[in-house]
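Asker: My structure file final_29.txt, compact mmCIF, N, CA and C atoms and all ligand atoms, is below:
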```
# COMPACT_ATOMS: atom_id res chain seq x y z
N MET J 1 11.05 1.13 13.10
CA MET J 1 9.84 1.83 12.66
C MET J 1 8.71 0.82 12.45
N LYS J 2 7.51 1.17 12.88
CA LYS J 2 6.37 0.28 12.63
C LYS J 2 5.68 0.70 11.33
N ILE J 3 5.62 -0.25 10.38
CA ILE J 3 5.05 0.07 9.07
C ILE J 3 3.81 -0.76 8.84
N LEU J 4 2.74 -0.09 8.44
CA LEU J 4 1.53 -0.78 8.05
C LEU J 4 1.55 -0.96 6.54
N LEU J 5 1.55 -2.22 6.11
CA LEU J 5 1.65 -2.57 4.69
C LEU J 5 0.31 -3.08 4.20
N SER J 6 -0.13 -2.56 3.06
CA SER J 6 -1.46 -2.94 2.60
C SER J 6 -1.58 -2.91 1.08
N GLY J 7 -2.41 -3.83 0.56
CA GLY J 7 -2.84 -3.72 -0.81
C GLY J 7 -3.95 -2.69 -0.90
N THR J 8 -4.31 -2.31 -2.12
CA THR J 8 -5.36 -1.31 -2.30
C THR J 8 -6.71 -2.00 -2.53
N ALA J 9 -7.79 -1.18 -2.51
CA ALA J 9 -9.15 -1.74 -2.46
C ALA J 9 -9.46 -2.72 -3.59
N SER J 10 -9.05 -2.40 -4.81
CA SER J 10 -9.45 -3.25 -5.94
C SER J 10 -8.39 -4.29 -6.30
N ASP J 11 -7.27 -4.30 -5.60
CA ASP J 11 -6.11 -5.08 -6.06
C ASP J 11 -5.96 -6.39 -5.31
N SER J 12 -6.08 -7.50 -6.06
CA SER J 12 -6.00 -8.82 -5.42
C SER J 12 -4.61 -9.44 -5.50
N HIS J 13 -3.63 -8.76 -6.11
CA HIS J 13 -2.29 -9.34 -6.21
C HIS J 13 -1.65 -9.46 -4.82
N THR J 14 -0.91 -10.53 -4.60
CA THR J 14 -0.38 -10.78 -3.26
C THR J 14 1.15 -10.90 -3.18
N TRP J 15 1.81 -11.36 -4.28
CA TRP J 15 3.27 -11.58 -4.17
C TRP J 15 4.02 -10.27 -3.96
N ASN J 16 3.47 -9.18 -4.47
CA ASN J 16 4.04 -7.86 -4.21
C ASN J 16 4.09 -7.60 -2.71
N LEU J 17 3.00 -8.01 -2.00
CA LEU J 17 2.93 -7.77 -0.56
C LEU J 17 3.89 -8.69 0.20
N VAL J 18 4.02 -9.92 -0.28
CA VAL J 18 4.95 -10.87 0.36
C VAL J 18 6.38 -10.34 0.22
N TYR J 19 6.70 -9.92 -1.00
CA TYR J 19 8.06 -9.41 -1.24
C TYR J 19 8.34 -8.17 -0.38
N LEU J 20 7.40 -7.23 -0.39
CA LEU J 20 7.62 -5.98 0.35
C LEU J 20 7.73 -6.23 1.85
N ARG J 21 6.95 -7.17 2.36
CA ARG J 21 7.03 -7.48 3.79
C ARG J 21 8.42 -8.01 4.14
N LEU J 22 8.91 -8.96 3.33
CA LEU J 22 10.25 -9.52 3.59
C LEU J 22 11.31 -8.43 3.49
N PHE J 23 11.18 -7.59 2.47
CA PHE J 23 12.16 -6.52 2.28
C PHE J 23 12.16 -5.57 3.48
N LEU J 24 10.98 -5.13 3.89
CA LEU J 24 10.91 -4.17 5.00
C LEU J 24 11.41 -4.79 6.30
N GLU J 25 11.08 -6.07 6.52
CA GLU J 25 11.55 -6.74 7.74
C GLU J 25 13.07 -6.90 7.71
N GLU J 26 13.61 -7.17 6.53
CA GLU J 26 15.07 -7.26 6.40
C GLU J 26 15.75 -5.95 6.75
N GLN J 27 15.03 -4.83 6.50
CA GLN J 27 15.59 -3.51 6.83
C GLN J 27 15.42 -3.20 8.32
N GLY J 28 14.82 -4.14 9.07
CA GLY J 28 14.70 -3.96 10.52
C GLY J 28 13.39 -3.35 10.97
N HIS J 29 12.42 -3.21 10.05
CA HIS J 29 11.15 -2.60 10.43
C HIS J 29 10.16 -3.65 10.94
N GLU J 30 9.29 -3.21 11.82
CA GLU J 30 8.17 -4.05 12.25
C GLU J 30 7.04 -3.83 11.23
N VAL J 31 6.48 -4.92 10.72
CA VAL J 31 5.47 -4.78 9.67
C VAL J 31 4.13 -5.35 10.13
N VAL J 32 3.09 -4.55 9.99
CA VAL J 32 1.72 -5.03 10.17
C VAL J 32 1.14 -5.16 8.77
N GLY J 33 0.84 -6.38 8.34
CA GLY J 33 0.36 -6.61 6.97
C GLY J 33 -1.14 -6.82 6.95
N LEU J 34 -1.83 -6.04 6.11
CA LEU J 34 -3.29 -6.18 6.03
C LEU J 34 -3.72 -7.08 4.88
N GLY J 35 -2.79 -7.40 3.94
CA GLY J 35 -3.16 -8.23 2.82
C GLY J 35 -3.75 -7.43 1.67
N PRO J 36 -4.32 -8.14 0.66
CA PRO J 36 -4.85 -7.45 -0.53
C PRO J 36 -6.29 -6.98 -0.33
N CYS J 37 -6.80 -6.19 -1.29
CA CYS J 37 -8.21 -5.77 -1.34
C CYS J 37 -8.67 -5.10 -0.05
N VAL J 38 -7.93 -4.11 0.39
CA VAL J 38 -8.26 -3.43 1.64
C VAL J 38 -8.97 -2.11 1.35
N PRO J 39 -10.26 -2.00 1.69
CA PRO J 39 -10.97 -0.74 1.46
C PRO J 39 -10.46 0.35 2.41
N ALA J 40 -10.71 1.60 2.03
CA ALA J 40 -10.20 2.74 2.81
C ALA J 40 -10.66 2.69 4.27
N GLU J 41 -11.90 2.28 4.50
CA GLU J 41 -12.43 2.25 5.87
C GLU J 41 -11.63 1.29 6.75
N LEU J 42 -11.27 0.14 6.18
CA LEU J 42 -10.49 -0.85 6.94
C LEU J 42 -9.07 -0.35 7.18
N LEU J 43 -8.51 0.32 6.17
CA LEU J 43 -7.16 0.89 6.33
C LEU J 43 -7.14 1.91 7.46
N VAL J 44 -8.15 2.78 7.47
CA VAL J 44 -8.23 3.81 8.52
C VAL J 44 -8.36 3.15 9.89
N ALA J 45 -9.24 2.17 10.00
CA ALA J 45 -9.45 1.50 11.29
C ALA J 45 -8.15 0.82 11.75
N ALA J 46 -7.43 0.20 10.82
CA ALA J 46 -6.19 -0.49 11.18
C ALA J 46 -5.12 0.50 11.62
N CYS J 47 -5.08 1.67 10.98
CA CYS J 47 -4.09 2.68 11.39
C CYS J 47 -4.41 3.23 12.78
N LEU J 48 -5.68 3.42 13.07
CA LEU J 48 -6.06 3.89 14.40
C LEU J 48 -5.71 2.83 15.44
N ARG J 49 -5.88 1.58 15.09
CA ARG J 49 -5.63 0.49 16.04
C ARG J 49 -4.13 0.27 16.26
N HIS J 50 -3.34 0.28 15.18
CA HIS J 50 -1.92 -0.11 15.28
C HIS J 50 -0.96 1.08 15.42
N ALA J 51 -1.43 2.30 15.15
CA ALA J 51 -0.61 3.51 15.25
C ALA J 51 0.76 3.34 14.58
N PRO J 52 0.78 3.06 13.27
CA PRO J 52 2.07 2.90 12.59
C PRO J 52 2.79 4.24 12.42
N ASP J 53 4.13 4.14 12.15
CA ASP J 53 4.90 5.35 11.86
C ASP J 53 4.75 5.75 10.39
N ALA J 54 4.42 4.78 9.55
CA ALA J 54 4.25 5.05 8.12
C ALA J 54 3.37 3.96 7.51
N VAL J 55 2.73 4.33 6.39
CA VAL J 55 1.90 3.37 5.66
C VAL J 55 2.54 3.14 4.29
N VAL J 56 2.68 1.87 3.91
CA VAL J 56 3.16 1.53 2.56
C VAL J 56 2.01 0.84 1.83
N LEU J 57 1.57 1.47 0.74
CA LEU J 57 0.49 0.90 -0.07
C LEU J 57 1.09 0.35 -1.36
N SER J 58 0.61 -0.81 -1.76
CA SER J 58 1.10 -1.43 -2.99
C SER J 58 -0.06 -1.64 -3.95
N SER J 59 0.11 -1.14 -5.17
CA SER J 59 -0.92 -1.30 -6.18
C SER J 59 -0.26 -1.70 -7.49
N VAL J 60 -0.65 -2.86 -8.03
CA VAL J 60 -0.05 -3.28 -9.31
C VAL J 60 -1.08 -3.52 -10.40
N ASN J 61 -2.38 -3.37 -10.08
CA ASN J 61 -3.39 -3.76 -11.07
C ASN J 61 -3.82 -2.63 -11.99
N GLY J 62 -3.20 -1.46 -11.87
CA GLY J 62 -3.52 -0.37 -12.79
C GLY J 62 -4.51 0.63 -12.23
N HIS J 63 -5.01 0.40 -11.02
CA HIS J 63 -5.98 1.32 -10.42
C HIS J 63 -5.41 2.07 -9.23
N GLY J 64 -4.08 2.21 -9.23
CA GLY J 64 -3.41 2.81 -8.08
C GLY J 64 -3.78 4.26 -7.84
N TYR J 65 -4.01 5.00 -8.91
CA TYR J 65 -4.32 6.42 -8.72
C TYR J 65 -5.66 6.58 -8.00
N ARG J 66 -6.68 5.91 -8.53
CA ARG J 66 -8.02 6.01 -7.93
C ARG J 66 -8.04 5.43 -6.51
N ASP J 67 -7.50 4.22 -6.39
CA ASP J 67 -7.51 3.56 -5.07
C ASP J 67 -6.64 4.32 -4.07
N GLY J 68 -5.50 4.83 -4.56
CA GLY J 68 -4.59 5.55 -3.67
C GLY J 68 -5.22 6.83 -3.14
N LEU J 69 -5.89 7.56 -4.03
CA LEU J 69 -6.56 8.80 -3.60
C LEU J 69 -7.62 8.50 -2.54
N ALA J 70 -8.41 7.46 -2.79
CA ALA J 70 -9.47 7.10 -1.82
C ALA J 70 -8.84 6.74 -0.47
N ALA J 71 -7.76 5.99 -0.52
CA ALA J 71 -7.11 5.57 0.73
C ALA J 71 -6.57 6.78 1.49
N VAL J 72 -5.88 7.67 0.78
CA VAL J 72 -5.27 8.83 1.44
C VAL J 72 -6.35 9.80 1.93
N ARG J 73 -7.41 9.98 1.15
CA ARG J 73 -8.50 10.85 1.61
C ARG J 73 -9.13 10.28 2.88
N GLY J 74 -9.26 8.96 2.94
CA GLY J 74 -9.79 8.33 4.15
C GLY J 74 -8.90 8.60 5.35
N LEU J 75 -7.59 8.42 5.15
CA LEU J 75 -6.64 8.64 6.26
C LEU J 75 -6.65 10.10 6.69
N ARG J 76 -6.66 11.01 5.72
CA ARG J 76 -6.60 12.44 6.05
C ARG J 76 -7.87 12.95 6.69
N SER J 77 -8.97 12.21 6.54
CA SER J 77 -10.23 12.65 7.16
C SER J 77 -10.24 12.36 8.66
N GLU J 78 -9.29 11.58 9.13
CA GLU J 78 -9.15 11.31 10.58
C GLU J 78 -8.09 12.23 11.14
N PRO J 79 -8.44 13.14 12.06
CA PRO J 79 -7.45 14.08 12.58
C PRO J 79 -6.20 13.39 13.11
N ALA J 80 -6.35 12.24 13.75
CA ALA J 80 -5.19 11.54 14.34
C ALA J 80 -4.23 11.03 13.26
N LEU J 81 -4.72 10.89 12.01
CA LEU J 81 -3.90 10.31 10.95
C LEU J 81 -3.52 11.35 9.89
N ALA J 82 -3.85 12.61 10.15
CA ALA J 82 -3.69 13.64 9.12
C ALA J 82 -2.23 13.82 8.68
N GLY J 83 -1.27 13.55 9.58
CA GLY J 83 0.14 13.75 9.22
C GLY J 83 0.89 12.45 8.99
N LEU J 84 0.18 11.34 8.96
CA LEU J 84 0.83 10.04 8.82
C LEU J 84 1.47 9.90 7.43
N PRO J 85 2.79 9.64 7.35
CA PRO J 85 3.42 9.49 6.03
C PRO J 85 2.88 8.26 5.29
N VAL J 86 2.60 8.45 4.01
CA VAL J 86 2.07 7.36 3.18
C VAL J 86 2.90 7.28 1.90
N VAL J 87 3.30 6.07 1.52
CA VAL J 87 3.95 5.90 0.23
C VAL J 87 3.18 4.85 -0.55
N LEU J 88 2.94 5.16 -1.82
CA LEU J 88 2.23 4.22 -2.70
C LEU J 88 3.17 3.86 -3.83
N GLY J 89 3.41 2.57 -3.99
CA GLY J 89 4.24 2.12 -5.10
C GLY J 89 3.45 1.22 -6.02
N ALA J 90 3.90 1.15 -7.25
CA ALA J 90 3.14 0.39 -8.23
C ALA J 90 4.07 -0.46 -9.08
N SER J 91 3.45 -1.25 -9.89
CA SER J 91 4.20 -2.22 -10.69
C SER J 91 5.07 -1.56 -11.73
N SER J 92 6.25 -2.12 -11.91
CA SER J 92 7.11 -1.67 -12.99
C SER J 92 6.80 -2.44 -14.26
N ALA J 93 5.84 -3.39 -14.19
CA ALA J 93 5.50 -4.19 -15.37
C ALA J 93 4.73 -3.37 -16.40
N SER J 94 4.12 -2.28 -15.96
CA SER J 94 3.34 -1.45 -16.87
C SER J 94 3.80 -0.01 -16.75
N PRO J 95 4.09 0.67 -17.87
CA PRO J 95 4.54 2.05 -17.78
C PRO J 95 3.52 2.95 -17.09
N ASP J 96 2.23 2.61 -17.23
CA ASP J 96 1.19 3.43 -16.62
C ASP J 96 1.31 3.46 -15.10
N THR J 97 1.78 2.36 -14.54
CA THR J 97 1.77 2.26 -13.09
C THR J 97 3.16 2.33 -12.49
N ALA J 98 4.16 2.57 -13.33
CA ALA J 98 5.53 2.65 -12.82
C ALA J 98 5.77 4.02 -12.19
N ARG J 99 4.96 4.32 -11.20
CA ARG J 99 5.05 5.61 -10.53
C ARG J 99 5.02 5.39 -9.03
N ARG J 100 5.52 6.35 -8.35
CA ARG J 100 5.52 6.27 -6.90
C ARG J 100 5.00 7.59 -6.36
N ARG J 101 4.07 7.55 -5.44
CA ARG J 101 3.54 8.79 -4.86
C ARG J 101 3.80 8.77 -3.37
N THR J 102 4.04 9.93 -2.82
CA THR J 102 4.15 10.02 -1.37
C THR J 102 3.26 11.15 -0.87
N TRP J 103 2.69 10.95 0.32
CA TRP J 103 1.90 11.99 0.97
C TRP J 103 2.40 12.12 2.40
N PRO J 104 2.68 13.24 2.98
CA PRO J 104 2.72 14.53 2.30
C PRO J 104 3.99 14.63 1.44
N GLY J 105 3.99 15.56 0.54
CA GLY J 105 5.14 15.82 -0.30
C GLY J 105 5.15 14.97 -1.53
C1 LIG J 201 0.72 -13.19 -10.99
C2 LIG J 201 -0.18 -12.14 -11.62
C3 LIG J 201 -1.55 -12.25 -11.37
C4 LIG J 201 -2.18 -13.34 -10.48
C5 LIG J 201 -2.06 -12.86 -9.03
C6 LIG J 201 -1.93 -14.05 -8.06
C7 LIG J 201 -1.65 -13.56 -6.66
N1 LIG J 201 -2.15 -14.31 -5.72
O1 LIG J 201 -1.03 -12.56 -6.43
C8 LIG J 201 -3.65 -13.35 -11.01
C9 LIG J 201 -3.75 -14.33 -12.18
C10 LIG J 201 -4.72 -13.70 -9.97
C11 LIG J 201 -3.77 -11.93 -11.54
C12 LIG J 201 -4.96 -11.27 -11.68
C13 LIG J 201 -5.07 -10.04 -12.31
N2 LIG J 201 -4.09 -9.35 -12.93
CO1 LIG J 201 -2.22 -9.77 -12.77
N3 LIG J 201 -0.39 -10.15 -12.94
C14 LIG J 201 0.35 -11.08 -12.43
C15 LIG J 201 1.80 -10.92 -12.93
C16 LIG J 201 2.03 -11.96 -14.03
C17 LIG J 201 2.89 -11.05 -11.88
C18 LIG J 201 2.65 -10.24 -10.59
C19 LIG J 201 3.55 -10.76 -9.50
O2 LIG J 201 3.15 -11.58 -8.66
N4 LIG J 201 4.82 -10.30 -9.51
C20 LIG J 201 5.79 -10.65 -8.48
C21 LIG J 201 5.88 -9.51 -7.44
C22 LIG J 201 6.93 -9.88 -6.39
O3 LIG J 201 6.33 -8.36 -8.13
P1 LIG J 201 5.39 -7.05 -8.39
O4 LIG J 201 3.96 -7.42 -8.24
O5 LIG J 201 5.80 -6.39 -9.64
O6 LIG J 201 5.78 -6.14 -7.16
C23 LIG J 201 7.04 -5.51 -7.19
C24 LIG J 201 7.00 -4.08 -7.71
O7 LIG J 201 5.78 -3.75 -8.34
C25 LIG J 201 7.32 -3.21 -6.54
N5 LIG J 201 6.20 -2.66 -5.78
C26 LIG J 201 4.94 -3.12 -5.65
N6 LIG J 201 4.29 -2.38 -4.77
C27 LIG J 201 5.15 -1.43 -4.31
C28 LIG J 201 4.99 -0.43 -3.34
C29 LIG J 201 6.07 0.41 -3.05
C30 LIG J 201 5.90 1.50 -2.06
C31 LIG J 201 7.31 0.24 -3.74
C32 LIG J 201 8.47 1.14 -3.47
C33 LIG J 201 7.46 -0.79 -4.68
C34 LIG J 201 6.39 -1.60 -4.94
O8 LIG J 201 8.01 -4.04 -5.63
C35 LIG J 201 7.51 -5.39 -5.75
C36 LIG J 201 8.66 -6.32 -5.48
O9 LIG J 201 9.72 -6.12 -6.42
C37 LIG J 201 1.78 -9.43 -13.48
C38 LIG J 201 2.67 -9.19 -14.71
C39 LIG J 201 4.11 -9.07 -14.30
N7 LIG J 201 4.94 -9.81 -14.99
O10 LIG J 201 4.44 -8.31 -13.38
C40 LIG J 201 0.29 -9.27 -13.85
C41 LIG J 201 -0.33 -7.89 -13.80
C42 LIG J 201 0.10 -7.16 -12.52
N8 LIG J 201 -1.77 -8.21 -13.71
C43 LIG J 201 -2.51 -7.38 -14.39
C44 LIG J 201 -3.91 -7.44 -14.48
C45 LIG J 201 -4.58 -6.46 -15.43
C46 LIG J 201 -4.65 -8.36 -13.72
C47 LIG J 201 -6.17 -8.53 -13.71
C48 LIG J 201 -6.98 -7.25 -13.71
C49 LIG J 201 -6.52 -9.44 -14.88
C50 LIG J 201 -8.02 -9.61 -15.11
N9 LIG J 201 -8.49 -9.01 -16.21
O11 LIG J 201 -8.70 -10.23 -14.32
C51 LIG J 201 -6.36 -9.33 -12.40
C52 LIG J 201 -6.41 -8.36 -11.21
C53 LIG J 201 -7.61 -8.48 -10.43
C54 LIG J 201 -7.57 -7.48 -9.28
N10 LIG J 201 -8.73 -7.29 -8.69
O12 LIG J 201 -6.58 -6.91 -8.92
C55 LIG J 201 -1.68 -6.32 -15.09
C56 LIG J 201 -1.80 -4.93 -14.47
C57 LIG J 201 -1.86 -3.88 -15.57
C58 LIG J 201 -1.50 -2.50 -15.10
N11 LIG J 201 -0.79 -2.34 -14.02
O13 LIG J 201 -1.84 -1.57 -15.78
C59 LIG J 201 -0.25 -6.97 -15.09
C60 LIG J 201 0.89 -5.95 -15.02
C61 LIG J 201 -0.16 -7.84 -16.37
C62 LIG J 201 -0.17 -6.98 -17.63
N12 LIG J 201 1.01 -6.66 -18.17
O14 LIG J 201 -1.21 -6.63 -18.11
N13 LIG J 201 -2.52 -11.43 -11.86
```
I need this file expressed as structure tokens, please.

Answerer:
Amino acid sequence: MKILLSGTASDSHTWNLVYLRLFLEEQGHEVVGLGPCVPAELLVAACLRHAPDAVVLSSVNGHGYRDGLAAVRGLRSEPALAGLPVVLGASSASPDTARRRTWPG
């Protein structure tokens, strides 16, 4: 499976992305990594360019809800990406962000 891995717009943390990339590659997935601080417009452009099977978003700085909504709204505004599975995970270091969201479902 080709997975596009990305940090969220306001989040500059990087070790989460390094860890997740290694983990996903160990599971046999091809990973396209965009790095941290990725605005929704860049995420959308990268998805159109790379045509991933799924998007994994990582947010640990506490702004995952706001950033995640903006990212998913951006993706859903593109007809070609309207059904693309997205998972957003957050840090377990803070109870506020120890949540996981998936779209759709
Ligand atoms: C190192 C660190 C930094 C470094 C980052 C250096 C770098 N290049 O990455 C520096 C000092 C720059 C930094 C800055 C900030 N940080 Co900081 N940082 C940390 C710290 C100590 C460790 C993070 C880390 O690298 N962990 C190692 C990686 C491997 O683990 P991880 O990030 O937890 O990721 C794992 C899980 O979260 C999970 N996961 C992550 N994403 C996803 C996605 C999916 C789909 C799934 C399934 C799982 C998953 O899997 C990962 C691997 O196990 C944490 C506290 C902590 N102990 O966790 C705070 C922490 C994340 N930081 C925090 C904050 C607030 C900030 C700042 C806003 C501070 C400030 N006032 O400037 C800024 C952020 C600026 C920004 N724009 O984002 C808070 C976030 C609070 C919150 N979530 O509500 C934390 C939790 C500290 C705290 N307790 O307050 N930080």

Asker: Between atom C of Arg21 in chain J and atom N of Leu5 in chain J, what is the distance, to one decimal in Å?

Answerer: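 Atom-to-atom, atom C of Arg21 in chain J and atom N of Leu5 in chain J are spaced 9.2 Å apart.
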
Asker: At a cut-off of 5 Å and counting all atoms listed in the file, what residues surround ligand LIG 201 (chain J)? Please answer as a list in words.

Answerer: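 After applying the 5 Å limit, what remains is Ser10, Asp11, Ser12, His13, Thr14, Trp15, Asn16, Leu57, Ser58, Ser59, Val60, Asn61, Gly62, Val87, Leu88, Gly89, Ala90, Ser91, Ser92, Ala93 and Ser94 of chain J.
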
Asker: To one decimal place, how far is CA of Ala46 in chain J from CA of Gly83 in chain J in Å?

Answerer: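 It comes out at 15.7 Å.
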
Asker: Can you tell me, as an MDAnalysis selection string, what residues are no more than 9 Å from Gly33 in chain J when counting only C-alpha atoms, ignoring any on the same chain fewer than 6 positions away?

Answerer: chainID J and resid 3:7 17 21

Asker: Enter the distance from CA of His29 in chain J to CA of Leu84 in chain J, in Å, rounded to one decimal.

Answerer: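 Spanning CA of His29 in chain J to CA of Leu84 in chain J is a straight-line distance of 16.4 Å.
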
Asker: Can you pull out every residue from chain J that DSSP, working from the backbone, puts in strand (DSSP E), and format the result as a ChimeraX atom specification?

Answerer: /J:2-7,30-33,54-59,86-90,100-103

Asker: If you run DSSP over the backbone, which residues in chain J end up alpha helix (DSSP H)? Put them as a PyMOL selection string.

Answerer: chain J and resi 15-26+40-50+64-76

Asker: Calculated over all atoms listed in the file, which of the candidates J:Glu41, J:Glu25, J:Glu30, J:Asp53 has the smallest distance to Leu75 in chain J?

Answerer: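 Closest candidate: J:Glu41.
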
Asker: So which one's closest to Thr8 in chain J, J:Arg49, J:Val32, J:Glu78, J:Val38? Using only C-alpha atoms, please.

Answerer: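 Closest residue, counting only C-alpha atoms: J:Val38.
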
Asker: Would you please work out which residue, of J:Val86, J:His50, J:Leu42, J:Ala9, is nearest to His63 in chain J when using all atoms listed in the file?

Answerer: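 Closest residue, counting all atoms listed in the file: J:Ala9.
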